[in-house]
Structures are given as structure tokens and as C-alpha cells.
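K.L.:
Coordinates in final_10.pdb, PDB, C-alpha atoms, are listed below.
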```
ATOM      1  CA  MET A   1      51.076-228.465 -93.525
ATOM      2  CA  THR A   2      50.404-231.431 -91.318
ATOM      3  CA  VAL A   3      53.451-233.572 -92.090
ATOM      4  CA  ILE A   4      55.843-233.040 -89.214
ATOM      5  CA  SER A   5      58.641-235.445 -90.096
ATOM      6  CA  THR A   6      59.706-238.024 -92.607
ATOM      7  CA  HIS A   7      62.488-240.542 -92.390
ATOM      8  CA  LYS A   8      63.874-242.536 -95.297
ATOM      9  CA  ASP A   9      66.182-245.433 -94.569
ATOM     10  CA  ALA A  10      67.755-246.629 -97.797
ATOM     11  CA  GLY A  11      69.475-249.489 -95.970
ATOM     12  CA  SER A  12      66.300-251.141 -94.713
ATOM     13  CA  LEU A  13      63.988-249.675 -97.401
ATOM     14  CA  THR A  14      61.732-248.210 -94.749
ATOM     15  CA  LEU A  15      59.736-245.008 -94.984
ATOM     16  CA  THR A  16      58.326-243.331 -91.868
ATOM     17  CA  ILE A  17      55.886-240.419 -92.023
ATOM     18  CA  VAL A  18      54.706-238.576 -88.914
ATOM     19  CA  ALA A  19      51.758-236.208 -89.241
ATOM     20  CA  GLU A  20      49.396-234.380 -86.919
ATOM     21  CA  PHE A  21      45.731-233.645 -87.445
ATOM     22  CA  ASP A  22      43.237-231.414 -85.656
ATOM     23  CA  ALA A  23      40.889-234.331 -85.033
ATOM     24  CA  THR A  24      40.387-237.035 -82.439
ATOM     25  CA  PRO A  25      42.023-240.459 -82.890
ATOM     26  CA  GLU A  26      38.509-241.892 -83.352
ATOM     27  CA  HIS A  27      37.879-239.499 -86.222
ATOM     28  CA  VAL A  28      41.252-240.242 -87.861
ATOM     29  CA  TRP A  29      40.522-243.953 -87.423
ATOM     30  CA  GLU A  30      37.427-243.503 -89.579
ATOM     31  CA  VAL A  31      39.438-242.356 -92.607
ATOM     32  CA  TRP A  32      41.062-245.794 -92.561
ATOM     33  CA  GLU A  33      38.002-247.846 -91.692
ATOM     34  CA  ASP A  34      35.297-246.224 -93.815
ATOM     35  CA  PRO A  35      35.943-247.108 -97.485
ATOM     36  CA  ARG A  36      34.095-243.982 -98.699
ATOM     37  CA  MET A  37      36.456-241.806 -96.635
ATOM     38  CA  LEU A  38      39.511-243.923 -97.445
ATOM     39  CA  GLU A  39      39.032-243.551-101.187
ATOM     40  CA  ARG A  40      39.059-239.768-100.832
ATOM     41  CA  TRP A  41      42.727-239.794 -99.841
ATOM     42  CA  TRP A  42      44.419-243.092-100.790
ATOM     43  CA  GLY A  43      45.022-242.278-104.469
ATOM     44  CA  PRO A  44      47.139-239.343-105.657
ATOM     45  CA  PRO A  45      45.052-236.324-106.816
ATOM     46  CA  MET A  46      45.138-237.369-110.471
ATOM     47  CA  PHE A  47      44.411-241.002-109.559
ATOM     48  CA  PRO A  48      41.321-241.124-107.341
ATOM     49  CA  ALA A  49      40.814-244.509-105.715
ATOM     50  CA  THR A  50      37.669-246.614-105.613
ATOM     51  CA  PHE A  51      37.498-249.376-103.013
ATOM     52  CA  THR A  52      35.305-252.170-104.308
ATOM     53  CA  ARG A  53      35.913-254.207-101.166
ATOM     54  CA  HIS A  54      37.139-253.216 -97.703
ATOM     55  CA  ASP A  55      36.826-255.978 -95.162
ATOM     56  CA  PHE A  56      38.205-254.124 -92.147
ATOM     57  CA  VAL A  57      38.774-257.058 -89.796
ATOM     58  CA  VAL A  58      41.944-259.006 -88.993
ATOM     59  CA  GLY A  59      42.619-261.224 -91.998
ATOM     60  CA  GLY A  60      40.159-259.216 -94.093
ATOM     61  CA  GLU A  61      41.105-257.998 -97.545
ATOM     62  CA  SER A  62      40.442-254.966 -99.687
ATOM     63  CA  ARG A  63      40.428-254.385-103.427
ATOM     64  CA  TYR A  64      40.808-251.005-105.042
ATOM     65  CA  LEU A  65      41.382-249.406-108.372
ATOM     66  CA  MET A  66      42.575-245.944-109.251
ATOM     67  CA  THR A  67      41.408-244.006-112.288
ATOM     68  CA  GLY A  68      44.109-242.032-114.043
ATOM     69  CA  PRO A  69      43.750-239.032-116.338
ATOM     70  CA  GLU A  70      44.163-241.215-119.427
ATOM     71  CA  GLY A  71      41.493-243.626-118.240
ATOM     72  CA  GLU A  72      44.049-246.161-117.012
ATOM     73  CA  THR A  73      42.992-248.131-113.939
ATOM     74  CA  PRO A  74      45.908-249.440-111.867
ATOM     75  CA  ARG A  75      44.657-251.828-109.180
ATOM     76  CA  GLY A  76      45.817-252.911-105.769
ATOM     77  CA  TRP A  77      44.835-254.854-102.673
ATOM     78  CA  TRP A  78      45.193-254.801 -98.902
ATOM     79  CA  ARG A  79      45.224-257.470 -96.258
ATOM     80  CA  ILE A  80      44.596-256.393 -92.660
ATOM     81  CA  ASP A  81      47.060-258.172 -90.363
ATOM     82  CA  ALA A  82      46.236-256.530 -87.032
ATOM     83  CA  ILE A  83      43.730-254.053 -85.629
ATOM     84  CA  ASP A  84      43.850-252.266 -82.275
ATOM     85  CA  ARG A  85      41.098-249.673 -82.446
ATOM     86  CA  PRO A  86      41.694-246.728 -82.425
ATOM     87  CA  ARG A  87      45.429-247.093 -81.995
ATOM     88  CA  ARG A  88      47.046-249.316 -84.582
ATOM     89  CA  ILE A  89      46.514-251.010 -87.946
ATOM     90  CA  ASP A  90      48.961-253.406 -89.591
ATOM     91  CA  PHE A  91      48.337-254.133 -93.230
ATOM     92  CA  ALA A  92      49.883-255.449 -96.416
ATOM     93  CA  ASN A  93      49.436-253.532 -99.672
ATOM     94  CA  GLY A  94      50.125-255.162-103.002
ATOM     95  CA  LEU A  95      49.711-254.900-106.732
ATOM     96  CA  ALA A  96      46.617-256.383-108.402
ATOM     97  CA  GLY A  97      46.151-257.395-112.009
ATOM     98  CA  ASP A  98      43.412-256.390-114.455
ATOM     99  CA  ASP A  99      41.104-258.923-112.782
ATOM    100  CA  GLY A 100      41.532-257.030-109.512
ATOM    101  CA  GLU A 101      43.199-259.958-107.779
ATOM    102  CA  PRO A 102      46.739-259.969-106.317
ATOM    103  CA  VAL A 103      49.470-260.528-108.899
ATOM    104  CA  PRO A 104      51.056-263.888-108.010
ATOM    105  CA  GLY A 105      54.713-263.711-107.072
ATOM    106  CA  VAL A 106      54.726-259.964-106.371
ATOM    107  CA  LYS A 107      55.234-259.427-102.665
ATOM    108  CA  PRO A 108      53.208-256.733-100.891
ATOM    109  CA  THR A 109      54.661-253.949 -98.782
ATOM    110  CA  SER A 110      54.061-254.266 -95.069
ATOM    111  CA  ALA A 111      52.934-251.185 -93.224
ATOM    112  CA  TYR A 112      51.572-250.117 -89.891
ATOM    113  CA  VAL A 113      49.795-247.024 -88.680
ATOM    114  CA  ILE A 114      49.887-245.725 -85.115
ATOM    115  CA  LEU A 115      47.407-243.121 -83.858
ATOM    116  CA  GLU A 116      48.128-241.262 -80.613
ATOM    117  CA  ALA A 117      46.373-238.364 -78.957
ATOM    118  CA  ALA A 118      48.576-235.263 -79.186
ATOM    119  CA  GLY A 119      47.154-232.241 -77.429
ATOM    120  CA  SER A 120      43.661-231.737 -78.809
ATOM    121  CA  GLY A 121      44.594-233.584 -82.004
ATOM    122  CA  THR A 122      46.096-236.826 -83.214
ATOM    123  CA  ARG A 123      49.596-237.828 -84.183
ATOM    124  CA  MET A 124      49.651-240.418 -86.977
ATOM    125  CA  THR A 125      52.800-242.392 -87.698
ATOM    126  CA  THR A 126      52.888-244.601 -90.781
ATOM    127  CA  VAL A 127      55.781-246.958 -91.357
ATOM    128  CA  THR A 128      56.089-248.681 -94.723
ATOM    129  CA  HIS A 129      58.621-251.401 -95.303
ATOM    130  CA  PHE A 130      59.463-252.371 -98.857
ATOM    131  CA  VAL A 131      60.745-255.814 -99.752
ATOM    132  CA  ASP A 132      63.142-254.832-102.504
ATOM    133  CA  VAL A 133      63.765-252.254-105.173
ATOM    134  CA  GLU A 134      62.008-254.262-107.846
ATOM    135  CA  GLN A 135      58.806-254.154-105.806
ATOM    136  CA  MET A 136      59.126-250.390-105.289
ATOM    137  CA  GLU A 137      59.513-249.831-109.004
ATOM    138  CA  MET A 138      56.487-252.004-109.773
ATOM    139  CA  LEU A 139      54.352-250.053-107.313
ATOM    140  CA  LEU A 140      55.516-246.777-108.814
ATOM    141  CA  GLY A 141      54.840-248.266-112.216
ATOM    142  CA  MET A 142      51.163-248.085-111.295
ATOM    143  CA  GLY A 143      51.377-244.674-112.903
ATOM    144  CA  MET A 144      51.464-242.475-109.862
ATOM    145  CA  GLU A 145      54.452-240.321-110.751
ATOM    146  CA  GLU A 146      52.476-237.824-112.772
ATOM    147  CA  GLY A 147      49.898-237.351-110.070
ATOM    148  CA  MET A 148      52.591-236.927-107.486
ATOM    149  CA  ALA A 149      54.584-234.367-109.421
ATOM    150  CA  LEU A 150      51.453-232.343-109.963
ATOM    151  CA  ALA A 151      50.348-232.362-106.359
ATOM    152  CA  ILE A 152      53.751-231.380-105.020
ATOM    153  CA  GLY A 153      53.383-228.162-106.978
ATOM    154  CA  GLN A 154      49.896-227.733-105.539
ATOM    155  CA  ILE A 155      51.062-228.196-101.970
ATOM    156  CA  ASP A 156      53.914-225.737-102.310
ATOM    157  CA  SER A 157      51.891-223.042-104.015
ATOM    158  CA  VAL A 158      48.613-223.354-102.140
ATOM    159  CA  LEU A 159      49.742-223.521 -98.542
ATOM    160  CA  PRO A 160      50.572-220.172 -96.946
ATOM    161  CA  PRO A 161      53.745-220.205 -94.812
ATOM    162  CA  SER A 162      51.736-219.638 -91.625
ATOM    163  CA  GLN A 163      50.216-223.089 -91.973
ATOM    164  CA  SER A 164      53.576-224.782 -92.201
ATOM    165  CA  ARG A 165      54.756-226.441 -89.082
ATOM    166  CA  ALA A 166      58.414-226.919 -88.292
ATOM    167  CA  LYS A 167      59.661-229.575 -90.600
ATOM    168  CA  HIS A 168      62.488-231.838 -89.752
ATOM    169  CA  TRP A 169      64.008-233.790 -92.578
ATOM    170  CA  SER A 170      66.243-236.623 -91.670
ATOM    171  CA  GLU A 171      67.774-239.003 -94.093
ATOM    172  CA  SER A 172      70.112-241.822 -93.371
ATOM    173  CA  ALA A 173      72.608-242.248 -96.149
TER     174      ALA A 173
ATOM    175  CA  MET B 174      61.051-237.329-109.067
ATOM    176  CA  VAL B 175      60.926-239.603-112.055
ATOM    177  CA  VAL B 176      62.785-242.840-111.691
ATOM    178  CA  ASP B 177      65.702-242.889-114.108
ATOM    179  CA  SER B 178      64.837-245.573-116.593
ATOM    180  CA  ALA B 179      68.458-245.820-117.716
ATOM    181  CA  LEU B 180      69.162-247.587-114.429
ATOM    182  CA  THR B 181      68.388-251.294-114.742
ATOM    183  CA  ASP B 182      66.724-253.338-112.006
ATOM    184  CA  GLU B 183      70.026-255.102-111.463
ATOM    185  CA  GLY B 184      71.800-251.784-111.164
ATOM    186  CA  VAL B 185      69.316-250.536-108.581
ATOM    187  CA  ASP B 186      69.614-253.798-106.624
ATOM    188  CA  ARG B 187      73.386-253.386-106.519
ATOM    189  CA  ILE B 188      72.999-249.846-105.196
ATOM    190  CA  PHE B 189      70.679-250.866-102.377
ATOM    191  CA  GLN B 190      72.789-253.865-101.456
ATOM    192  CA  ALA B 191      75.804-251.604-101.325
ATOM    193  CA  LEU B 192      73.988-249.114 -99.106
ATOM    194  CA  ALA B 193      72.671-251.763 -96.738
ATOM    195  CA  ASP B 194      75.959-251.931 -94.842
ATOM    196  CA  ARG B 195      76.984-249.423 -92.150
ATOM    197  CA  THR B 196      80.689-249.486 -93.027
ATOM    198  CA  ARG B 197      79.974-248.878 -96.680
ATOM    199  CA  ARG B 198      77.697-245.957 -95.865
ATOM    200  CA  ASP B 199      80.464-244.541 -93.697
ATOM    201  CA  ILE B 200      82.982-244.948 -96.512
ATOM    202  CA  LEU B 201      80.658-242.976 -98.795
ATOM    203  CA  ARG B 202      80.446-240.173 -96.244
ATOM    204  CA  ARG B 203      84.199-239.984 -95.779
ATOM    205  CA  ALA B 204      84.974-240.091 -99.498
ATOM    206  CA  ILE B 205      82.364-237.536-100.512
ATOM    207  CA  GLN B 206      84.427-234.363-100.172
ATOM    208  CA  VAL B 207      87.931-234.883-101.467
ATOM    209  CA  GLY B 208      88.318-238.616-101.837
ATOM    210  CA  GLU B 209      90.187-240.901 -99.461
ATOM    211  CA  SER B 210      92.756-243.586-100.021
ATOM    212  CA  VAL B 211      91.852-247.134 -99.091
ATOM    213  CA  SER B 212      94.639-247.225 -96.523
ATOM    214  CA  VAL B 213      93.449-244.029 -94.797
ATOM    215  CA  LEU B 214      89.876-245.349 -94.837
ATOM    216  CA  SER B 215      90.893-248.646 -93.301
ATOM    217  CA  ARG B 216      92.292-246.879 -90.213
ATOM    218  CA  HIS B 217      88.737-245.892 -89.260
ATOM    219  CA  TYR B 218      87.431-249.436 -88.991
ATOM    220  CA  GLU B 219      88.254-252.405 -86.861
ATOM    221  CA  MET B 220      88.822-254.629 -89.833
ATOM    222  CA  SER B 221      91.612-255.577 -92.160
ATOM    223  CA  PHE B 222      92.744-253.566 -95.147
ATOM    224  CA  ALA B 223      91.517-256.425 -97.336
ATOM    225  CA  ALA B 224      88.052-256.286 -95.754
ATOM    226  CA  VAL B 225      87.811-252.552 -96.396
ATOM    227  CA  GLN B 226      88.967-253.161 -99.952
ATOM    228  CA  LYS B 227      86.102-255.641-100.378
ATOM    229  CA  HIS B 228      83.601-253.058 -99.171
ATOM    230  CA  VAL B 229      85.026-250.547-101.633
ATOM    231  CA  ALA B 230      84.693-253.139-104.407
ATOM    232  CA  VAL B 231      80.975-253.585-103.602
ATOM    233  CA  LEU B 232      80.487-249.820-103.735
ATOM    234  CA  GLU B 233      82.390-249.705-107.014
ATOM    235  CA  ARG B 234      80.205-252.382-108.623
ATOM    236  CA  ALA B 235      77.148-250.371-107.600
ATOM    237  CA  GLU B 236      78.816-247.348-109.225
ATOM    238  CA  LEU B 237      78.568-245.456-105.946
ATOM    239  CA  VAL B 238      82.306-244.795-105.921
ATOM    240  CA  THR B 239      85.097-244.558-108.442
ATOM    241  CA  LYS B 240      88.705-245.480-107.771
ATOM    242  CA  GLU B 241      91.660-243.535-109.037
ATOM    243  CA  ARG B 242      95.244-244.711-108.858
ATOM    244  CA  ARG B 243      97.595-242.081-107.463
ATOM    245  CA  GLY B 244     101.120-243.484-107.185
ATOM    246  CA  ARG B 245     100.876-246.501-104.883
ATOM    247  CA  GLU B 246      97.578-245.318-103.444
ATOM    248  CA  GLN B 247      94.048-246.029-104.581
ATOM    249  CA  ILE B 248      91.860-242.982-104.014
ATOM    250  CA  VAL B 249      88.135-243.599-103.506
ATOM    251  CA  HIS B 250      85.658-240.949-104.663
ATOM    252  CA  THR B 251      81.968-241.049-103.868
ATOM    253  CA  ASP B 252      79.759-240.698-106.939
ATOM    254  CA  ARG B 253      77.121-238.259-105.729
ATOM    255  CA  ALA B 254      74.919-238.650-108.789
ATOM    256  CA  THR B 255      74.357-242.346-108.201
ATOM    257  CA  LEU B 256      73.838-241.859-104.485
ATOM    258  CA  ARG B 257      71.117-239.374-105.247
ATOM    259  CA  ARG B 258      69.462-241.788-107.651
ATOM    260  CA  ALA B 259      69.402-244.414-104.907
ATOM    261  CA  MET B 260      67.183-242.153-102.809
ATOM    262  CA  THR B 261      64.822-241.414-105.683
ATOM    263  CA  LEU B 262      62.544-244.382-105.094
ATOM    264  CA  LEU B 263      62.107-243.570-101.425
ATOM    265  CA  ASP B 264      61.595-239.919-102.333
ATOM    266  CA  ALA B 265      58.743-240.869-104.634
ATOM    267  CA  PHE B 266      56.945-242.810-101.901
ATOM    268  CA  GLU B 267      57.611-240.026 -99.430
ATOM    269  CA  GLN B 268      55.875-237.568-101.757
ATOM    270  CA  LEU B 269      52.969-239.957-102.181
ATOM    271  CA  TRP B 270      52.499-240.161 -98.402
ATOM    272  CA  MET B 271      52.805-236.419 -97.934
ATOM    273  CA  GLN B 272      49.974-236.035-100.419
ATOM    274  CA  ARG B 273      47.931-238.622 -98.594
ATOM    275  CA  VAL B 274      48.412-236.739 -95.338
ATOM    276  CA  GLU B 275      47.185-233.517 -96.954
ATOM    277  CA  GLN B 276      44.178-235.321 -98.361
ATOM    278  CA  ILE B 277      43.410-236.924 -94.998
ATOM    279  CA  ALA B 278      43.464-233.447 -93.424
ATOM    280  CA  ASN B 279      40.933-232.307 -96.034
ATOM    281  CA  VAL B 280      38.681-235.325 -95.486
ATOM    282  CA  LEU B 281      38.796-234.764 -91.710
ATOM    283  CA  ALA B 282      37.946-231.081 -92.114
ATOM    284  CA  MET B 283      35.013-231.891 -94.389
ATOM    285  CA  THR B 284      33.605-234.601 -92.133
ATOM    286  CA  GLU B 285      34.025-232.719 -88.868
ATOM    287  CA  GLY B 286      30.309-232.609 -88.117
ATOM    288  CA  GLU B 287      29.761-236.225 -89.097
ATOM    289  CA  ALA B 288      32.231-237.715 -86.614
ATOM    290  CA  LYS B 289      30.658-240.407 -84.532
TER     291      LYS B 289
END
```
Write out the structure in this file as C-alpha cells.
P.N.:
Amino acid sequence: MTVISTHKDAGSLTLTIVAEFDATPEHVWEVWEDPRMLERWWGPPMFPATFTRHDFVVGGESRYLMTGPEGETPRGWWRIDAIDRPRRIDFANGLAGDDGEPVPGVKPTSAYVILEAAGSGTRMTTVTHFVDVEQMEMLLGMGMEEGMALAIGQIDSVLPPSQSRAKHWSESA
Amino acid sequence: MVVDSALTDEGVDRIFQALADRTRRDILRRAIQVGESVSVLSRHYEMSFAAVQKHVAVLERAELVTKERRGREQIVHTDRATLRRAMTLLDAFEQLWMQRVEQIANVLAMTEGEAK
């Protein structure tokens, strides 16, 4: 398992995930920059993503849709706010309507990703800040719960204990 | 895992507003085992009894604590069930990101030879 720590702050609605990969920062950077690689991991397992646009420059926007098991297609968008290759990406991620365009009045989450060399691999820290609970519920309402529940079972049953790294769970009440 | 639909948006907002304050989070921690009276709680903070009472009232509206009258004392009890529900939304996003990390690891493994 490559997740090494998570931190949930209910007070500031911020989620931090730290993970390590056996790959160079340049290689990890590609999974964010290359839309064909990005769509292989952005959606939950039951909701594969398709990026119809991925303008990976500061101020550039992305459009994606996910295809669920019932044929439903929740949609979303990104806006790239900062790029420091291959170290940091700041982006907004919001809900899109059936036309694929951002839903007016629904604020996006703001997130940033930091890539750092760690030994022969890369440490990736993602920090997501949610605006309010209503927004979180709308994003979850994209129909991801089922996919998530399923994959949690997969992770727990598929990974042998030897692959698990020390996990540190910290929660601030 | 699944967000409790019985909890209204307004109810969830109240919970997060209640949890956004350090003193209120501390009150929840202290009242979680056996319950504490408002007067005992107020000794822990550099604020008036009335101010602590206001914090308790916010927690009560968010249904994070219940108050019980015992003689002249008001005993505050933390409602663990609601506190757990408050973390559910963050839990869901945490799970989503843990999946993404696993999938990134797979993509990296499969594209090892293609790296520029």
C-alpha cells in the first residue's frame, strides 16, 4: 500500500493524503499532465473517467465525465491555478452539468499537489480544501459512493500484508 | 461510508460550525467519557462561565452534546453517534483519494518503460 498518511481536519474541512511511489517525480508528474494517464486513475474503479479536455497550463481548464455501472455520466471540471513542474500543481475541481460546463453557483474545491523526491521514489502530498458541507455532499452525490465501497474491499483483500507500509492515522476532532 | 440521508444539510452545517472552534472540540473531548458539568468545564478555559455555556449551546444545537440536569448542575454529555457522522463526509473523500493513489501506483507500474 502506497498511502503513508492521511489527515482529516473537520474544523477547516481539509483532507491531506501523503503517498509514496516507486517512480521519479517526472514520471509521477506525467499521471497528472497526460490526460490518457490521468483518466486511468481519477475516477473510482466503477466510474472510469474520460477527459475530453485537459489544458495543462496556468489558467487552463479541463472537462471530464465518469461512466458509472448504470450508464450514468457524472461530469466535472478543473481549472489549473499554478504549475511548478515537476514539483507542484494547484487546481480547482468542480461539478459540471449535463452540458459538461461548470454548474453556476457551485463552488469548486481547491487542491494542491506536491511532488518531492524520496529516496529512489517520489512522495506525493495532496491537500484538498472543501468550501462547505453542502459542496462535499454535492460532489459525493456524483455517485461515487458505490465505487468507493467496492474498491475498499478490493484493497483490503488483494494487498498482502508485506506490501503494507506503516500507516499513521491522525484525525483532529 | 454512506452519508446518512436522515441528516439535513442544515443539520450537517450546524455540526461543522460547532466543530470549527477549538474550545468546543475540547469540550467534546472532556465530556466524552463520563460527562462534565458546565461549571467544571469552565475551569479549563480562560473565559467566563457564560461564554462556556454559549459554546455548549452551539454544540447542543448541532446535537453533538446533550445536557442533563443533576440537582443544580448541568451535565454535558458528548453524543458520539453524531460526532462520528460529522467525520463521514471527510472519510468518504479520504477513501476516494486512497483509491486514486492505488490506481496511480498501477498506472506508474504499467508505464514504467514509457517514461520520458
K.L.:
Given the choices B:Glu246, B:Glu236, B:Glu285, B:Asp252, which gets closest to chain A if the distance is worked out from only C-alpha atoms?
P.N.:
B:Glu285
K.L.:
Near region 63-77 of chain A, counting only C-alpha atoms, which residues have an atom at most 10 Å away, once you skip same-chain residues fewer than 5 positions from it, shown as a PyMOL selection string?
P.N.:
chain A and resi 35+39+42-55+92-103+108+139+141-144+146-147
K.L.:
By how many Å are CA of Ile188 (chain B) and CA of His7 (chain A) apart?
P.N.:
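Separation of CA of Ile188 (chain B) and CA of His7 (chain A): 19.0 Å.
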K.L.:
Which residues of chain B have any atom within 10 Å of an atom in chain A when counting all atoms listed in the file, and what is the closest pair of atoms for each, with the distance in Å to one decimal? Order the rows by chain and rising number and write it as a Markdown table.
P.N.:
```
| residue | atom | partner | partner_atom | distance |
| --- | --- | --- | --- | --- |
| B:Met174 | CA | A:Ala149 | CA | 7.1 |
| B:Val175 | CA | A:Glu145 | CA | 6.6 |
| B:Val176 | CA | A:Glu137 | CA | 8.2 |
| B:Thr181 | CA | A:Glu134 | CA | 9.9 |
| B:Asp182 | CA | A:Glu134 | CA | 6.4 |
| B:Glu183 | CA | A:Glu134 | CA | 8.8 |
| B:Val185 | CA | A:Val133 | CA | 6.7 |
| B:Asp186 | CA | A:Val133 | CA | 6.2 |
| B:Arg187 | CA | A:Val133 | CA | 9.8 |
| B:Ile188 | CA | A:Val133 | CA | 9.5 |
| B:Phe189 | CA | A:Gly11 | CA | 6.7 |
| B:Gln190 | CA | A:Gly11 | CA | 7.8 |
| B:Ala191 | CA | A:Gly11 | CA | 8.6 |
| B:Leu192 | CA | A:Gly11 | CA | 5.5 |
| B:Ala193 | CA | A:Gly11 | CA | 4.0 |
| B:Asp194 | CA | A:Gly11 | CA | 7.0 |
| B:Arg195 | CA | A:Gly11 | CA | 8.4 |
| B:Arg197 | CA | A:Ala173 | CA | 9.9 |
| B:Arg198 | CA | A:Ala173 | CA | 6.3 |
| B:Asp199 | CA | A:Ala173 | CA | 8.5 |
| B:Leu201 | CA | A:Ala173 | CA | 8.5 |
| B:Arg202 | CA | A:Ala173 | CA | 8.1 |
| B:Leu256 | CA | A:Ala173 | CA | 8.4 |
| B:Arg257 | CA | A:Ala173 | CA | 9.7 |
| B:Ala259 | CA | A:Ala10 | CA | 7.6 |
| B:Met260 | CA | A:Ala10 | CA | 6.7 |
| B:Thr261 | CA | A:Ala10 | CA | 9.9 |
| B:Leu262 | CA | A:Met136 | CA | 6.9 |
| B:Leu263 | CA | A:Lys8 | CA | 6.5 |
| B:Asp264 | CA | A:Lys8 | CA | 7.8 |
| B:Ala265 | CA | A:Glu145 | CA | 7.5 |
| B:Phe266 | CA | A:Leu15 | CA | 7.8 |
| B:Glu267 | CA | A:Leu15 | CA | 7.0 |
| B:Gln268 | CA | A:Met148 | CA | 6.6 |
| B:Leu269 | CA | A:Met148 | CA | 6.1 |
| B:Trp270 | CA | A:Ile17 | CA | 7.2 |
| B:Met271 | CA | A:Val3 | CA | 6.5 |
| B:Gln272 | CA | A:Pro44 | CA | 6.8 |
| B:Arg273 | CA | A:Trp41 | CA | 5.5 |
| B:Val274 | CA | A:Val3 | CA | 6.8 |
| B:Glu275 | CA | A:Thr2 | CA | 6.8 |
| B:Gln276 | CA | A:Trp41 | CA | 4.9 |
| B:Ile277 | CA | A:Trp41 | CA | 5.7 |
| B:Ala278 | CA | A:Phe21 | CA | 6.4 |
| B:Asn279 | CA | A:Trp41 | CA | 8.6 |
| B:Val280 | CA | A:Met37 | CA | 6.9 |
| B:Leu281 | CA | A:Ala23 | CA | 7.0 |
| B:Ala282 | CA | A:Ala23 | CA | 8.3 |
| B:Thr284 | CA | A:His27 | CA | 8.8 |
| B:Glu285 | CA | A:Ala23 | CA | 8.0 |
| B:Glu287 | CA | A:His27 | CA | 9.2 |
| B:Ala288 | CA | A:His27 | CA | 5.9 |
| B:Lys289 | CA | A:His27 | CA | 7.5 |
```
K.L.:
For a test of reading the model, state the distance in Å between CA of Gln247 (chain B) and CA of Gln226 (chain B), rounded to one decimal.
P.N.:
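Separation between CA of Gln247 (chain B) and CA of Gln226 (chain B): 9.9 Å.
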K.L.:
So that I can see what lies close to Ile200 (chain B), please list as number ranges by chain the residues with an atom at most 12 Å from it, counting only C-alpha atoms and leaving out residues fewer than 6 positions away in the same chain.
P.N.:
A: 173; B: 191-192, 194, 206, 208-218, 225-233, 237-238, 248-252
K.L.:
For Val113 (chain A), which residue among A:Ala82, A:Val57, A:Val131, A:Ile89 is the nearest when counting all atoms listed in the file?
P.N.:
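Residue with the minimum atom-to-atom distance to Val113 (chain A): A:Ile89.
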K.L.:
What is the distance between CA of Asp34 (chain A) and CA of Ala117 (chain A), in Å to one decimal?
P.N.:
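So the two atoms, CA of Asp34 (chain A) and CA of Ala117 (chain A), lie 20.1 Å apart.
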